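Asks: The structure under discussion is supplied below as structure tokens; questions concerning it will follow.
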Amino acid sequence: LRAVGEASLRAAVSESIHLLRLNPWLWRWVLVEALGGYVFSLTMPFQMIYAVRVKGADEFTLGYMGLALNLGSIISSPLAGKLADRIGRVRTILLLRPLYYASVLTLILAPSPAYLVLAFLIRGLFFASGAVFQTLALELVTYEYRGRWSAVRSLISMISRSPAPFIGGILYTSVAPEAPFLVSILVDLALRVPLIYSTPETLNREEYLRRFKPPSPRHSSENVKYQGSEGRAVAPSVHSRRV
């Protein structure tokens with residue numbers, strides 16, 4: 001059973017790598033998610049610290065900021081979903097991107113604590129793109145590969161983004177309190193946006209599936225199944241290509 005488990009693990013890893021090689025835009029999407037740590041994880045630990053220490057926010061302002069964030073997300077989420085189903089996932093994500101930049105700049109340039117509430121309202125409007133982002137990520141592969149695809153994305157992105165909060169702390173204390181926020185805009189605008197733009201649209205499912213290449217049977221972890229401790233091979237069942 002141990003040998004079977006090791007063989008299954010190797011097969012799963014091999015198949016996942018082969019899946020990414022066959023569809024280069026999947027590698028680019030993994031990079032998009034990895035760089036996301038240097039946009040959001042770089043700044044999130046320091047937003048409230050910045051609001052209090054630099055912009056003079058009190059406990060009531062912080063509460064209103066959280067309320068504005070939630071209200072913005074509630075208002076914009078249904079609209080973003082409808083827009084994504086009409087013009088496409090990629091276009092919707094890119095269309096809502098400037099809201100993030102506007103929220104960061106409003107936070108940095110806020111002349112009074114009241115503007116911090118506005119900054120977080122705009123951030124809430126932007127957060128609606130998160131659901132569209134995740135929808136696109138799942139639709140980049142067919143149904144039977146989504147578990148492995150999600151695991152690969154999570155593994156690579158979590159490892160690569162782990163240093164981001166530490167780097168944000170260095171920028172905040174050693175460069176300037178505004179530095180992490182400005183770097184996050186630069187990383188997103190210069191690196192992530194071009195990668196998102198190059199991602200194929202999945203709204204037209206049939207058209208996308210004509211481009212998508214699944215791993216060949218010899219790379220499939222379902223190609224051979226084992227029974228019992230002797231590891232006798234059993235012919236694989238035929239799976240329809242589910243979308």
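Quick note on naming: the chains in the structure tokens go A, B, ... in the order shown, residues restart at 1 in each chain, and ligands are numbered from 1 in order of appearance.
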Hey, what's within 8 Å of A:Leu99 if we count only C-alpha atoms and toss same-chain stuff fewer than 5 positions away? As a PyMOL selection string, please?

Replies: chain A and resi 122-123+125-126

Asks: Please provide the set of residues having any atom within 10 Å of A:Leu182, restricted to only C-alpha atoms, with same-chain residues fewer than 5 positions apart removed, written as a PyMOL selection string.

Replies: chain A and resi 39+43+101+104-105+108+177+187

Asks: Rounded to one decimal, what separation in Å do you get between atom CA of A:Leu109 and atom CA of A:Gly169?

Replies: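 The value is 20.3 Å.
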
Asks: Hey, what's within 10 Å of A:Arg97 if we count only C-alpha atoms and toss same-chain stuff fewer than 6 positions away? As a list in words, please?

Replies: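 The neighbour list is Arg91, Phe126, Phe127, Ser129, Asp188, Leu189 and Val193 of chain A.
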
Asks: Pick out the residues sitting within 10 Å of A:Ala51, and hand them over as number ranges by chain; count only C-alpha atoms, and ignore anything fewer than 5 positions along from it in its own chain.

Replies: A: 46, 56-58, 61-62, 65, 107-108, 110, 113, 116

Asks: Within 8 Å of A:Leu118, counting only C-alpha atoms, which residues qualify if same-chain residues fewer than 6 places away don't, as a list in words?

Replies: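 Contacts, in chain order: Met65, Ala68, Ser103 and Thr106 of chain A.
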
Asks: Let's have the selection written as a short mmCIF file (atom, residue, chain, number, x, y, z; two decimals), in the first residue's frame, with N, CA and C atoms.

Replies:
data_model
loop_
_atom_site.label_atom_id
_atom_site.label_comp_id
_atom_site.auth_asym_id
_atom_site.auth_seq_id
_atom_site.Cartn_x
_atom_site.Cartn_y
_atom_site.Cartn_z
N MET A 65 -14.42 52.33 8.69
CA MET A 65 -13.65 51.80 7.55
C MET A 65 -14.06 50.35 7.26
N ALA A 68 -17.54 50.39 5.74
CA ALA A 68 -17.51 50.84 4.34
C ALA A 68 -16.98 49.74 3.42
N SER A 103 -8.08 53.16 -4.26
CA SER A 103 -8.23 53.01 -2.81
C SER A 103 -6.90 53.20 -2.09
N THR A 106 -5.97 56.94 -2.26
CA THR A 106 -6.83 57.70 -1.35
C THR A 106 -6.37 57.52 0.09
#

Asks: Which value, in Å to one decimal, gives the distance between atom CA of A:Gly37 and atom CA of A:Val152?

Replies: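 Separation of atom CA of A:Gly37 and atom CA of A:Val152: 15.9 Å.
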
Asks: One decimal, in Å: what's the spacing between atom CA of A:Leu155 and atom CA of A:Leu31?

Replies: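 Taking atom CA of A:Leu155 and atom CA of A:Leu31, their separation equals 11.8 Å.
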
Asks: Skip A:Ala80 itself and residues of its chain fewer than 2 positions away, then list as a list in words all residues within 10 Å of it, counting only C-alpha atoms.

Replies: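 These residues fall inside the cut-off: Ser73, Ile75, Ser76, Ser77, Pro78, Lys82, Leu83, Ala84, Asp85, Arg86, Arg89, Thr92, Ile93, Leu95, Leu96, Leu125, Phe126, Phe127, Ala128, Ser129, Gly130, Ala131 and Val132 of chain A.
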